file entry-v1.csv (CSV, C-alpha atoms and all ligand atoms)
chain,number,residue,atom,x,y,z
A,312,MET,CA,31.5,12.2,7.7
A,313,SER,CA,28.8,9.7,8.4
A,314,LYS,CA,27.8,7.3,5.7
A,315,PRO,CA,24.8,8.3,3.5
A,316,VAL,CA,21.4,6.9,4.3
A,317,VAL,CA,19.5,4.8,1.8
A,318,LEU,CA,15.8,4.1,2.2
A,319,VAL,CA,14.7,0.7,0.9
A,320,THR,CA,11.0,0.1,0.4
A,321,GLY,CA,9.7,-3.4,0.0
A,322,ALA,CA,12.9,-4.5,1.9
A,323,ASN,CA,11.4,-7.8,2.9
A,324,GLY,CA,10.9,-8.8,-0.7
A,325,GLU,CA,13.2,-10.9,-2.9
A,326,ILE,CA,15.3,-8.0,-4.2
A,327,GLY,CA,15.2,-6.2,-1.0
A,328,ARG,CA,16.8,-8.9,1.1
A,329,SER,CA,19.6,-9.4,-1.4
A,330,LEU,CA,20.1,-5.7,-1.7
A,331,LEU,CA,20.4,-5.3,2.1
A,332,GLN,CA,23.1,-7.9,2.2
A,333,LYS,CA,25.0,-6.2,-0.5
A,334,LEU,CA,24.7,-2.7,1.0
A,335,HIS,CA,25.9,-4.1,4.3
A,336,ALA,CA,28.8,-6.0,2.7
A,337,GLU,CA,30.0,-2.9,0.8
A,338,GLY,CA,29.7,-0.8,3.9
A,339,ARG,CA,29.4,2.5,2.1
A,340,TYR,CA,25.7,3.2,3.0
A,341,ARG,CA,23.4,2.8,6.0
A,342,ALA,CA,20.1,1.3,5.2
A,343,VAL,CA,16.7,2.4,6.6
A,344,THR,CA,13.9,0.0,5.5
A,345,VAL,CA,10.2,0.0,5.2
A,346,ASP,CA,8.0,-3.0,4.5
A,347,LEU,CA,4.5,-4.1,5.3
A,348,THR,CA,5.9,-7.1,7.2
A,349,PRO,CA,8.6,-6.7,9.8
A,350,LEU,CA,12.1,-7.7,8.6
A,351,PRO,CA,13.2,-11.1,10.0
A,352,GLU,CA,15.5,-10.8,12.9
A,353,ARG,CA,18.6,-11.9,10.9
A,354,TYR,CA,18.3,-8.9,8.6
A,355,ARG,CA,17.9,-6.3,11.3
A,356,PRO,CA,21.6,-5.9,12.2
A,357,LEU,CA,22.2,-5.0,8.5
A,358,CYS,CA,20.1,-1.9,8.9
A,359,LEU,CA,20.3,1.4,10.7
A,360,GLU,CA,16.5,1.3,11.3
A,361,THR,CA,13.6,-0.8,10.1
A,362,TYR,CA,10.0,0.3,9.9
A,363,ALA,CA,7.0,-2.0,9.5
A,364,GLY,CA,4.3,-0.1,7.7
A,365,ASN,CA,2.6,0.8,4.4
A,366,ILE,CA,4.0,3.1,1.8
A,367,MET,CA,0.5,4.4,1.4
A,368,ASP,CA,0.9,6.0,4.8
A,369,LYS,CA,2.1,9.5,4.1
A,370,TYR,CA,2.5,10.2,7.8
A,371,LEU,CA,4.9,7.3,8.2
A,372,LEU,CA,7.0,8.4,5.2
A,373,ASP,CA,7.2,12.0,6.6
A,374,GLN,CA,8.3,10.6,9.9
A,375,ILE,CA,11.0,8.5,8.3
A,376,ALA,CA,12.2,11.5,6.3
A,377,ALA,CA,12.2,13.7,9.4
A,378,HIS,CA,14.4,11.3,11.3
A,379,HIS,CA,16.9,10.5,8.6
A,380,GLU,CA,18.8,12.5,5.9
A,381,ILE,CA,17.9,10.2,3.0
A,382,GLU,CA,20.2,10.5,0.1
A,383,VAL,CA,19.1,7.5,-1.9
A,384,VAL,CA,15.8,5.7,-2.3
A,385,PHE,CA,15.5,2.2,-3.7
A,386,HIS,CA,11.8,2.0,-4.2
A,387,LEU,CA,11.2,-1.8,-4.5
A,388,ALA,CA,7.7,-2.2,-3.0
A,389,ALA,CA,5.2,-3.3,-5.7
A,390,LEU,CA,2.4,-5.7,-6.5
A,391,LEU,CA,3.6,-7.9,-9.3
A,392,SER,CA,1.9,-8.8,-12.6
A,393,THR,CA,-0.3,-11.8,-11.7
A,394,ARG,CA,-1.3,-10.3,-8.3
A,395,GLY,CA,-2.1,-7.1,-10.1
A,396,GLU,CA,-4.5,-8.8,-12.4
A,397,ARG,CA,-6.3,-10.3,-9.4
A,398,ASP,CA,-6.8,-6.8,-7.9
A,399,PRO,CA,-6.0,-4.1,-10.5
A,400,GLU,CA,-7.3,-1.2,-8.3
A,401,LEU,CA,-5.1,-2.2,-5.4
A,402,ALA,CA,-2.2,-2.6,-7.8
A,403,HIS,CA,-2.7,0.9,-9.1
A,404,GLN,CA,-2.9,2.3,-5.5
A,405,VAL,CA,0.3,0.6,-4.4
A,406,ASN,CA,2.3,0.8,-7.6
A,407,VAL,CA,1.3,4.3,-8.7
A,408,GLU,CA,0.0,6.2,-5.7
A,409,GLY,CA,2.7,4.6,-3.5
A,410,THR,CA,5.4,5.6,-5.9
A,411,LEU,CA,4.0,9.1,-6.0
A,412,HIS,CA,4.2,9.3,-2.2
A,413,LEU,CA,7.9,8.2,-2.3
A,414,LEU,CA,8.7,10.6,-5.2
A,415,ARG,CA,7.1,13.5,-3.2
A,416,MET,CA,9.1,12.5,-0.1
A,417,ALA,CA,12.4,12.3,-2.1
A,418,GLN,CA,11.6,15.6,-3.8
A,419,ASN,CA,11.1,17.3,-0.4
A,420,GLN,CA,14.3,15.7,0.9
A,421,SER,CA,16.2,17.0,-2.2
A,422,GLY,CA,15.0,20.5,-1.4
A,423,ARG,CA,15.9,20.1,2.3
A,424,LEU,CA,19.4,18.7,1.5
A,425,GLY,CA,20.1,21.1,-1.4
A,426,ARG,CA,21.1,18.2,-3.6
A,427,ALA,CA,19.4,15.6,-5.7
A,428,VAL,CA,18.3,12.5,-3.9
A,429,ARG,CA,18.9,9.5,-6.2
A,430,PHE,CA,15.7,7.5,-6.7
A,431,ILE,CA,16.3,4.0,-8.1
A,432,PHE,CA,13.2,2.4,-9.5
A,433,PRO,CA,13.0,-1.2,-10.7
A,434,SER,CA,10.8,-1.3,-13.7
A,435,SER,CA,10.1,-4.5,-15.7
A,436,ILE,CA,9.8,-6.3,-19.0
A,437,ALA,CA,6.1,-6.0,-18.2
A,438,VAL,CA,6.1,-2.5,-19.8
A,439,TYR,CA,6.3,-4.2,-23.2
A,440,GLY,CA,3.3,-5.6,-25.0
A,441,LEU,CA,4.2,-7.7,-28.1
A,442,PRO,CA,1.1,-8.2,-30.1
A,443,SER,CA,1.6,-11.9,-31.0
A,444,VAL,CA,4.1,-14.8,-30.5
A,445,GLU,CA,5.1,-14.5,-34.2
A,446,GLU,CA,5.9,-10.8,-33.7
A,447,LYS,CA,7.7,-11.6,-30.5
A,448,ALA,CA,9.9,-14.2,-32.3
A,449,LYS,CA,10.6,-11.7,-35.1
A,450,ALA,CA,11.4,-8.8,-32.7
A,451,GLY,CA,14.1,-10.7,-30.7
A,452,LYS,CA,15.9,-8.2,-28.5
A,453,VAL,CA,13.7,-5.2,-28.0
A,454,VAL,CA,15.0,-1.6,-27.3
A,455,GLU,CA,13.5,0.6,-24.7
A,456,ASP,CA,11.3,2.7,-26.9
A,457,SER,CA,9.5,-0.1,-28.8
A,458,TYR,CA,6.3,-2.0,-28.0
A,459,ASN,CA,5.4,0.2,-25.0
A,460,VAL,CA,1.8,-1.1,-24.9
A,461,PRO,CA,1.6,-3.3,-21.8
A,462,ILE,CA,-1.3,-5.7,-21.3
A,463,THR,CA,-1.2,-5.8,-17.5
A,464,MET,CA,-2.1,-3.3,-14.8
A,465,TYR,CA,1.4,-3.9,-13.3
A,466,GLY,CA,3.0,-3.1,-16.7
A,467,CYS,CA,0.9,0.0,-17.1
A,468,ASN,CA,1.8,1.1,-13.6
A,469,LYS,CA,5.6,0.6,-14.2
A,470,LEU,CA,5.5,2.4,-17.5
A,471,TYR,CA,3.6,5.4,-16.1
A,472,CYS,CA,5.9,5.6,-13.0
A,473,GLU,CA,8.9,5.7,-15.3
A,474,HIS,CA,7.3,8.8,-16.8
A,475,LEU,CA,6.5,10.2,-13.4
A,476,GLY,CA,10.1,9.8,-12.3
A,477,ARG,CA,11.4,11.5,-15.4
A,478,TYR,CA,8.9,14.3,-14.9
A,479,PHE,CA,10.0,14.8,-11.3
A,480,THR,CA,13.6,14.9,-12.4
A,481,GLN,CA,13.2,17.3,-15.3
A,482,HIS,CA,10.0,19.3,-15.0
A,483,PHE,CA,8.6,19.2,-11.4
A,484,ARG,CA,7.2,22.6,-10.4
A,485,GLN,CA,8.3,24.1,-13.7
A,486,LEU,CA,5.9,27.0,-13.4
A,487,GLY,CA,7.4,27.8,-10.0
A,488,ALA,CA,10.9,27.7,-11.6
A,489,LEU,CA,12.2,25.1,-9.1
A,490,SER,CA,16.0,25.0,-9.8
A,491,SER,CA,17.2,21.8,-11.3
A,492,ALA,CA,19.6,21.4,-8.5
A,493,ALA,CA,16.7,20.9,-6.1
A,494,ARG,CA,15.0,18.2,-8.2
A,495,LEU,CA,15.5,14.6,-7.5
A,496,ASP,CA,17.5,12.3,-9.7
A,497,PHE,CA,15.3,9.4,-11.0
A,498,ARG,CA,16.9,6.3,-12.5
A,499,SER,CA,15.0,3.2,-13.6
A,500,LEU,CA,16.0,-0.3,-14.7
A,501,ARG,CA,13.8,-2.6,-16.7
A,502,PHE,CA,14.4,-6.0,-15.1
A,503,PRO,CA,13.7,-9.5,-16.7
A,504,GLY,CA,12.3,-12.2,-14.5
A,505,LEU,CA,14.6,-12.7,-11.6
A,506,ILE,CA,15.7,-16.0,-10.1
A,507,SER,CA,17.1,-16.3,-6.6
A,508,ALA,CA,18.6,-19.3,-4.8
A,509,ASP,CA,17.3,-18.0,-1.5
A,510,THR,CA,13.7,-17.1,-2.1
A,511,VAL,CA,10.7,-18.0,-4.3
A,512,PRO,CA,8.7,-15.0,-5.6
A,513,THR,CA,5.0,-14.6,-5.2
A,514,GLY,CA,2.5,-12.8,-7.4
A,515,GLY,CA,4.6,-12.6,-10.6
A,516,THR,CA,4.2,-14.2,-14.0
A,517,SER,CA,7.9,-14.9,-14.6
A,518,ASP,CA,7.6,-17.1,-11.4
A,519,PHE,CA,7.4,-20.3,-13.4
A,520,GLY,CA,11.3,-20.2,-13.7
A,521,PRO,CA,12.1,-20.0,-10.0
A,522,GLU,CA,9.1,-22.1,-9.0
A,523,MET,CA,10.3,-25.0,-11.2
A,524,LEU,CA,13.8,-24.9,-9.9
A,525,HIS,CA,12.9,-24.7,-6.2
A,526,ALA,CA,10.2,-27.5,-6.6
A,527,ALA,CA,12.7,-29.8,-8.2
A,528,ALA,CA,15.2,-29.1,-5.4
A,529,LYS,CA,12.6,-29.9,-2.8
A,530,GLY,CA,11.5,-33.1,-4.6
A,531,GLU,CA,8.1,-31.6,-5.2
A,532,LYS,CA,5.9,-32.0,-8.3
A,533,TYR,CA,5.6,-28.9,-10.5
A,534,ALA,CA,2.9,-28.2,-13.0
A,535,CYS,CA,4.2,-25.3,-15.1
A,536,PHE,CA,1.6,-22.6,-15.9
A,537,VAL,CA,3.1,-21.7,-19.3
A,538,ARG,CA,3.7,-23.8,-22.5
A,539,GLU,CA,7.2,-25.3,-22.8
A,540,ASP,CA,8.1,-23.0,-25.7
A,541,THR,CA,7.3,-19.8,-23.7
A,542,LYS,CA,10.5,-17.8,-23.6
A,543,ILE,CA,11.3,-14.7,-21.7
A,544,PRO,CA,14.5,-13.0,-20.4
A,545,PHE,CA,15.8,-13.9,-16.9
A,546,MET,CA,18.5,-12.8,-14.6
A,547,ALA,CA,20.2,-14.2,-11.5
A,548,MET,CA,19.4,-12.2,-8.4
A,549,PRO,CA,23.0,-11.2,-7.7
A,550,ASP,CA,23.1,-9.5,-11.1
A,551,ALA,CA,19.9,-7.6,-10.3
A,552,VAL,CA,21.6,-6.2,-7.2
A,553,HIS,CA,24.7,-5.6,-9.3
A,554,ALA,CA,22.6,-3.6,-11.7
A,555,LEU,CA,20.9,-1.6,-9.0
A,556,MET,CA,24.3,-0.7,-7.5
A,557,GLY,CA,25.6,0.2,-10.9
A,558,MET,CA,22.7,2.4,-11.6
A,559,LEU,CA,23.1,4.1,-8.3
A,560,GLU,CA,26.8,4.9,-8.8
A,561,ALA,CA,26.4,5.9,-12.5
A,562,ASP,CA,27.7,9.4,-13.4
A,563,ARG,CA,24.6,11.5,-14.0
A,564,ALA,CA,26.4,13.5,-16.7
A,565,LYS,CA,26.8,10.3,-18.8
A,566,LEU,CA,23.2,9.2,-18.5
A,567,THR,CA,21.3,9.9,-21.8
A,568,ASP,CA,18.0,8.7,-20.4
A,569,SER,CA,16.3,7.7,-17.2
A,570,VAL,CA,15.1,4.3,-18.3
A,571,TYR,CA,17.4,1.3,-19.0
A,572,ASN,CA,16.9,-2.3,-20.1
A,573,VAL,CA,19.3,-4.7,-18.4
A,574,GLY,CA,19.6,-8.1,-19.8
A,575,ALA,CA,21.4,-11.4,-18.9
A,576,PHE,CA,20.0,-14.5,-20.6
A,577,SER,CA,16.8,-15.8,-22.2
A,578,LEU,CA,15.2,-19.1,-21.5
A,579,SER,CA,12.1,-21.0,-22.4
A,580,ALA,CA,10.3,-23.1,-19.8
A,581,LYS,CA,11.7,-26.2,-21.5
A,582,ASP,CA,15.2,-24.8,-21.3
A,583,ILE,CA,14.8,-24.3,-17.6
A,584,GLU,CA,13.4,-27.9,-17.2
A,585,GLN,CA,16.5,-29.3,-19.0
A,586,ARG,CA,18.9,-27.3,-16.9
A,587,VAL,CA,17.1,-28.5,-13.7
A,588,ARG,CA,17.0,-32.1,-14.9
A,589,LYS,CA,20.8,-32.2,-15.3
A,590,HIS,CA,20.9,-31.9,-11.5
A,591,PHE,CA,17.6,-33.5,-10.5
A,592,PRO,CA,17.0,-36.2,-13.2
A,593,ASP,CA,13.8,-37.3,-11.4
A,594,ALA,CA,12.2,-33.9,-11.3
A,595,ASP,CA,8.4,-34.2,-11.8
A,596,VAL,CA,7.7,-31.4,-14.2
A,597,THR,CA,4.5,-31.2,-16.2
A,598,TYR,CA,2.8,-28.5,-18.3
A,599,ALA,CA,-0.6,-27.1,-17.5
A,600,PRO,CA,-0.7,-23.8,-19.2
A,601,ASP,CA,-3.0,-21.1,-17.8
A,602,ALA,CA,-4.3,-19.2,-20.7
A,603,VAL,CA,-4.1,-15.7,-19.2
A,604,ARG,CA,-0.8,-16.1,-17.5
A,605,ASN,CA,0.7,-17.5,-20.7
A,606,LYS,CA,-0.8,-14.6,-22.7
A,607,ILE,CA,1.0,-12.2,-20.3
A,608,CYS,CA,4.3,-14.0,-20.9
A,609,ASP,CA,3.7,-14.1,-24.6
A,610,SER,CA,3.3,-10.3,-24.6
A,611,TRP,CA,6.8,-9.9,-23.0
A,612,PRO,CA,9.8,-9.8,-25.2
A,613,GLU,CA,12.0,-12.8,-25.8
A,614,ASP,CA,15.1,-10.8,-25.0
A,615,LEU,CA,16.2,-7.3,-24.1
A,616,ASP,CA,18.6,-5.0,-26.0
A,617,ASP,CA,20.6,-3.3,-23.2
A,618,THR,CA,23.0,-1.4,-25.4
A,619,ARG,CA,22.0,1.9,-23.8
A,620,ALA,CA,22.9,0.7,-20.3
A,621,ARG,CA,26.2,-0.8,-21.6
A,622,ASN,CA,27.2,2.4,-23.3
A,623,ASP,CA,26.0,5.0,-20.7
A,624,TRP,CA,27.1,3.4,-17.4
A,625,GLY,CA,29.0,0.2,-18.3
A,626,TRP,CA,26.3,-2.4,-17.5
A,627,LYS,CA,27.5,-5.9,-18.0
A,628,PRO,CA,26.0,-9.0,-16.3
A,629,ILE,CA,28.3,-11.1,-14.3
A,630,TRP,CA,26.2,-14.3,-14.4
A,631,ASP,CA,25.7,-15.7,-17.9
A,632,VAL,CA,23.2,-18.6,-18.1
A,633,GLU,CA,25.9,-21.3,-17.5
A,634,ARG,CA,27.5,-19.6,-14.5
A,635,ALA,CA,24.1,-18.6,-13.1
A,636,PHE,CA,22.8,-22.2,-13.0
A,637,GLU,CA,26.0,-24.1,-12.4
A,638,GLU,CA,27.9,-21.8,-10.0
A,639,TYR,CA,25.1,-19.9,-8.2
A,640,LEU,CA,21.6,-21.3,-8.4
A,641,LEU,CA,22.0,-25.1,-8.3
A,642,PRO,CA,24.8,-25.3,-5.7
A,643,SER,CA,23.1,-22.8,-3.4
A,644,ILE,CA,19.6,-24.3,-3.8
A,645,LYS,CA,21.0,-27.9,-3.1
A,646,LYS,CA,22.7,-26.7,0.0
A,647,ARG,CA,19.7,-24.8,1.2
A,648,TYR,CA,17.2,-27.6,1.0
A,649,ALA,CA,19.7,-30.2,2.3
A,650,LYS,CA,19.7,-28.2,5.5
A,651,GLU,CA,15.9,-28.3,5.9
B,701,LIG,C1,6.4,-10.4,-12.7
B,701,LIG,O1,6.4,-11.5,-13.1
B,701,LIG,O2,5.4,-9.7,-12.5
B,701,LIG,C2,7.8,-9.8,-12.4
B,701,LIG,C3,8.3,-9.0,-13.5
B,701,LIG,C4,8.7,-9.7,-14.7
B,701,LIG,O3,8.5,-7.8,-13.4
B,701,LIG,N1,8.7,-10.8,-12.0
call {"tool": "encode", "arguments": {"input": "entry-v1.csv", "output": "C-alpha cells", "more": "lines below"}}
Ligand code: AKB
result
Amino acid sequence: MSKPVVLVTGANGEIGRSLLQKLHAEGRYRAVTVDLTPLPERYRPLCLETYAGNIMDKYLLDQIAAHHEIEVVFHLAALLSTRGERDPELAHQVNVEGTLHLLRMAQNQSGRLGRAVRFIFPSSIAVYGLPSVEEKAKAGKVVEDSYNVPITMYGCNKLYCEHLGRYFTQHFRQLGALSSAARLDFRSLRFPGLISADTVPTGGTSDFGPEMLHAAAKGEKYACFVREDTKIPFMAMPDAVHALMGMLEADRAKLTDSVYNVGAFSLSAKDIEQRVRKHFPDADVTYAPDAVRNKICDSWPEDLDDTRARNDWGWKPIWDVERAFEEYLLPSIKKRYAKE
C-alpha cells in the first residue's frame, strides 16, 4: 500500500520547513505542499509535489485534491499577529476564508475517501486576552477555556477557526444528516512563541525572542520592541514539530476536545538576553518598547496549562529551556552563522 499523502499549506514558512524535514525523515507519509512562494530547491526532494499558489484560490485547491488522495492536512499558512494588525482585512481573508477553503476541501476529500481526513491546525497563545499585566501575573498558567477574548485580528481569527474546525468535525451538514464517518477530523494546538535555529520569523509579536538570539549570533545590534519584564511562553521548533506529529497520531477515541494548549517554557525578554549573553557576552541589546506590540504581548498569558494534552494524548516537550538553548539553539545558530 502506498504511503498516505499529507498536504502542508504554508510549507515555506518556519514551521513548514521543519515539518517537511521531519515527515521525510520519518518516511511514513508523502508530502504535497502549497505556498505563495516556491519552495527552495533543497526542500523539493522531500516532497511528492509542490505547488506555488494562494490558498484563496479555490480552483488550485480543487486541482490539488483531484490529483492526490489527501489523508491529512497540516494547515500552517497564516498572517501572524503584528502583520495582521497592519492589514486586518487581509488577515481575516487569509486566516479565516483561507481556512474555510481548506476545511471545505478536506471535507469533500473525507466524503470521497469514506474516512475522516485529519486536519491539523496550529492555533496560538494569541487566542487569549489577559486584561492587565497584574491579572496576567496572577493567572500564571492558563487553561484552554479561560480568557478567550483576544485583542488582535490574528487571535480572533485563530479562535474562530478553532470553532469552525470543531463545527466541521461534529455538526457539518447536520440538517442533511451527514454521517459522522464522512466528516473530517479537526485537531488544533495552541502554540507559544516558537524559536528556531534555522529561520527568523516575520510578522509575529513573539518575534522578539528569536530576533534577539539571531541578531546576537550575527553580531548585530538589537533594539527589543518589548520591555525587559515582558514574559510569554516559548517553545523550540523541534518541539513544535513533535507536537504536530503527536497530535496527528493521537487516538481519536481518547481526545476529549479538539483544542489543546502545548507548553514548554516561559521567558521574559531579559531572561532571553541573559541566556544569549552567556554565549555572546558582547551582544548589543537595548530596549525600545513599542506600545502596541508590548500591549499585545502583555495580553498573552505568561504560561500555558497543557494538562489536557498531557492526559489525552501524552504530550510532553522534549526540549526544556536549558536543553533548548544549550543543546539546540545556541550550537546550531553558532554553526549556521559561522558558515556565512
Ligand atoms: C505571533 O507572534 O503572532 C505568533 C504567535 C504567538 O502565534 N508567533
call {"tool": "residues_near_ligand", "arguments": {"input": "entry-v1.csv", "ligand": "ligand LIG 701 (chain B)", "cutoff": "7 Å", "atoms": "all atoms listed in the file", "output": "PyMOL selection string"}}
result
chain A and resi 391-393+434-437+502-505+514-518
call {"tool": "write_last_selection", "arguments": {"input": "entry-v1.csv", "atoms": "C-alpha atoms", "output": "tab-separated table (two decimals), in the frame of the given file"}}
result
chain	number	residue	atom	x	y	z
A	391	LEU	CA	3.60	-7.90	-9.30
A	392	SER	CA	1.90	-8.80	-12.60
A	393	THR	CA	-0.30	-11.80	-11.70
A	434	SER	CA	10.80	-1.30	-13.70
A	435	SER	CA	10.10	-4.50	-15.70
A	436	ILE	CA	9.80	-6.30	-19.00
A	437	ALA	CA	6.10	-6.00	-18.20
A	502	PHE	CA	14.40	-6.00	-15.10
A	503	PRO	CA	13.70	-9.50	-16.70
A	504	GLY	CA	12.30	-12.20	-14.50
A	505	LEU	CA	14.60	-12.70	-11.60
A	514	GLY	CA	2.50	-12.80	-7.40
A	515	GLY	CA	4.60	-12.60	-10.60
A	516	THR	CA	4.20	-14.20	-14.00
A	517	SER	CA	7.90	-14.90	-14.60
A	518	ASP	CA	7.60	-17.10	-11.40
call {"tool": "residues_around", "arguments": {"input": "entry-v1.csv", "residues": "Gly451 in chain A", "least_positions_apart": "5", "cutoff": "8 Å", "atoms": "all atoms listed in the file", "output": "list of chain:residue names"}}
result
A:Pro612, A:Glu613, A:Asp614, A:Leu615
call {"tool": "residues_around", "arguments": {"input": "entry-v1.csv", "residues": "range 331-341 of chain A", "least_positions_apart": "6", "cutoff": "8 Å", "atoms": "all atoms listed in the file", "output": "list in words"}}
result
Lys314, Pro315, Val316, Val317, Ala322, Tyr354, Leu357, Cys358, Leu359 and Val552 of chain A
call {"tool": "residues_around", "arguments": {"input": "entry-v1.csv", "residues": "range 468-477 of chain A", "least_positions_apart": "3", "cutoff": "7 Å", "atoms": "all atoms listed in the file", "output": "JSON, numbers by chain"}}
result
{"A": [403, 406, 407, 434, 435, 438, 464, 465, 480, 481, 497, 499, 569]}
call {"tool": "atom_distance", "arguments": {"input": "entry-v1.csv", "atom1": "CA of Cys467 in chain A", "atom2": "CA of Glu560 in chain A"}}
result
27.6 Å
call {"tool": "closest_residue", "arguments": {"input": "entry-v1.csv", "among": "A:Lys646, A:Arg586, A:Lys447, A:His553", "to": "Trp626 in chain A", "atoms": "all atoms listed in the file"}}
result
A:His553
call {"tool": "atom_distance", "arguments": {"input": "entry-v1.csv", "atom1": "CA of Asp346 in chain A", "atom2": "CA of Asp398 in chain A"}}
result
19.7 Å
call {"tool": "closest_residue", "arguments": {"input": "entry-v1.csv", "among": "A:Thr344, A:Thr618, A:Ser329, A:Gln585", "to": "Leu555 in chain A", "atoms": "all atoms listed in the file"}}
result
A:Ser329
call {"tool": "atom_distance", "arguments": {"input": "entry-v1.csv", "atom1": "CA of Ile543 in chain A", "atom2": "CA of Cys608 in chain A"}}
result
7.1 Å
call {"tool": "closest_residue", "arguments": {"input": "entry-v1.csv", "among": "A:Asp609, A:Asp623, A:Glu455, A:Glu382", "to": "Thr567 in chain A", "atoms": "all atoms listed in the file"}}
result
A:Asp623
call {"tool": "residues_near_point", "arguments": {"input": "entry-v1.csv", "point": "(23.8, -20.0, -8.6)", "cutoff": "10 Å", "atoms": "only C-alpha atoms", "output": "list of chain:residue names"}}
result
A:Ile506, A:Ser507, A:Ala508, A:Asp509, A:Ala547, A:Met548, A:Pro549, A:Trp630, A:Val632, A:Glu633, A:Arg634, A:Ala635, A:Phe636, A:Glu637, A:Glu638, A:Tyr639, A:Leu640, A:Leu641, A:Pro642, A:Ser643, A:Ile644
call {"tool": "residues_around", "arguments": {"input": "entry-v1.csv", "residues": "Pro442 in chain A", "least_positions_apart": "6", "cutoff": "12 Å", "atoms": "only C-alpha atoms", "output": "ChimeraX atom specification"}}
result
/A:448-450,457-462,606-612
call {"tool": "closest_residue", "arguments": {"input": "entry-v1.csv", "among": "A:Ala602, A:Val405, A:Leu347, A:Val537", "to": "Glu522 in chain A", "atoms": "all atoms listed in the file"}}
result
A:Val537
call {"tool": "residues_around", "arguments": {"input": "entry-v1.csv", "residues": "range 361-363 of chain A", "least_positions_apart": "5", "cutoff": "9 Å", "atoms": "all atoms listed in the file", "output": "VMD selection string"}}
result
chain A and resid 342 to 350 355 371 375
call {"tool": "write_last_selection", "arguments": {"input": "entry-v1.csv", "atoms": "C-alpha atoms", "output": "PDB file, in the frame of the given file"}}
result
ATOM      1  CA  ALA A 342      20.100   1.300   5.200  1.00  0.00           C
ATOM      2  CA  VAL A 343      16.700   2.400   6.600  1.00  0.00           C
ATOM      3  CA  THR A 344      13.900   0.000   5.500  1.00  0.00           C
ATOM      4  CA  VAL A 345      10.200   0.000   5.200  1.00  0.00           C
ATOM      5  CA  ASP A 346       8.000  -3.000   4.500  1.00  0.00           C
ATOM      6  CA  LEU A 347       4.500  -4.100   5.300  1.00  0.00           C
ATOM      7  CA  THR A 348       5.900  -7.100   7.200  1.00  0.00           C
ATOM      8  CA  PRO A 349       8.600  -6.700   9.800  1.00  0.00           C
ATOM      9  CA  LEU A 350      12.100  -7.700   8.600  1.00  0.00           C
ATOM     10  CA  ARG A 355      17.900  -6.300  11.300  1.00  0.00           C
ATOM     11  CA  LEU A 371       4.900   7.300   8.200  1.00  0.00           C
ATOM     12  CA  ILE A 375      11.000   8.500   8.300  1.00  0.00           C
TER      13      ILE A 375
END
call {"tool": "closest_residue", "arguments": {"input": "entry-v1.csv", "among": "A:Leu411, A:Leu566, A:Ala402, A:Ala527", "to": "Lys369 in chain A", "atoms": "only C-alpha atoms"}}
result
A:Leu411
call {"tool": "closest_residue", "arguments": {"input": "entry-v1.csv", "among": "A:Ala649, A:Val596, A:Val428, A:Leu495", "to": "Gly520 in chain A", "atoms": "all atoms listed in the file"}}
result
A:Val596
call {"tool": "decode", "arguments": {"input": "entry-v1.csv", "residues": "range 361-391 of chain A", "atoms": "C-alpha atoms", "output": "JSON list (two decimals), in the first residue's frame"}}
result
[["chain", "number", "residue", "atom", "x", "y", "z"],
["A", 361, "THR", "CA", 5.00, 21.22, -4.60],
["A", 362, "TYR", "CA", 2.58, 23.94, -5.69],
["A", 363, "ALA", "CA", 3.25, 27.68, -5.66],
["A", 364, "GLY", "CA", -0.07, 29.42, -5.22],
["A", 365, "ASN", "CA", -2.59, 31.07, -2.96],
["A", 366, "ILE", "CA", -4.85, 29.19, -0.55],
["A", 367, "MET", "CA", -7.53, 31.72, -1.52],
["A", 368, "ASP", "CA", -7.51, 30.11, -4.97],
["A", 369, "LYS", "CA", -10.30, 27.52, -4.69],
["A", 370, "TYR", "CA", -9.54, 26.25, -8.19],
["A", 371, "LEU", "CA", -5.95, 25.43, -7.19],
["A", 372, "LEU", "CA", -7.12, 23.61, -4.05],
["A", 373, "ASP", "CA", -9.64, 21.59, -6.09],
["A", 374, "GLN", "CA", -6.91, 20.70, -8.54],
["A", 375, "ILE", "CA", -4.60, 19.53, -5.75],
["A", 376, "ALA", "CA", -7.41, 17.44, -4.27],
["A", 377, "ALA", "CA", -8.23, 15.96, -7.66],
["A", 378, "HIS", "CA", -4.65, 14.84, -8.16],
["A", 379, "HIS", "CA", -3.94, 13.40, -4.72],
["A", 380, "GLU", "CA", -5.77, 11.30, -2.15],
["A", 381, "ILE", "CA", -5.10, 13.61, 0.77],
["A", 382, "GLU", "CA", -5.49, 11.90, 4.14],
["A", 383, "VAL", "CA", -4.01, 14.63, 6.33],
["A", 384, "VAL", "CA", -3.89, 18.42, 6.12],
["A", 385, "PHE", "CA", -1.40, 20.50, 8.09],
["A", 386, "HIS", "CA", -2.85, 23.94, 7.52],
["A", 387, "LEU", "CA", 0.05, 26.20, 8.51],
["A", 388, "ALA", "CA", -0.48, 29.19, 6.21],
["A", 389, "ALA", "CA", -1.40, 32.34, 8.16],
["A", 390, "LEU", "CA", -0.70, 36.03, 8.59],
["A", 391, "LEU", "CA", 0.73, 36.47, 12.10]]
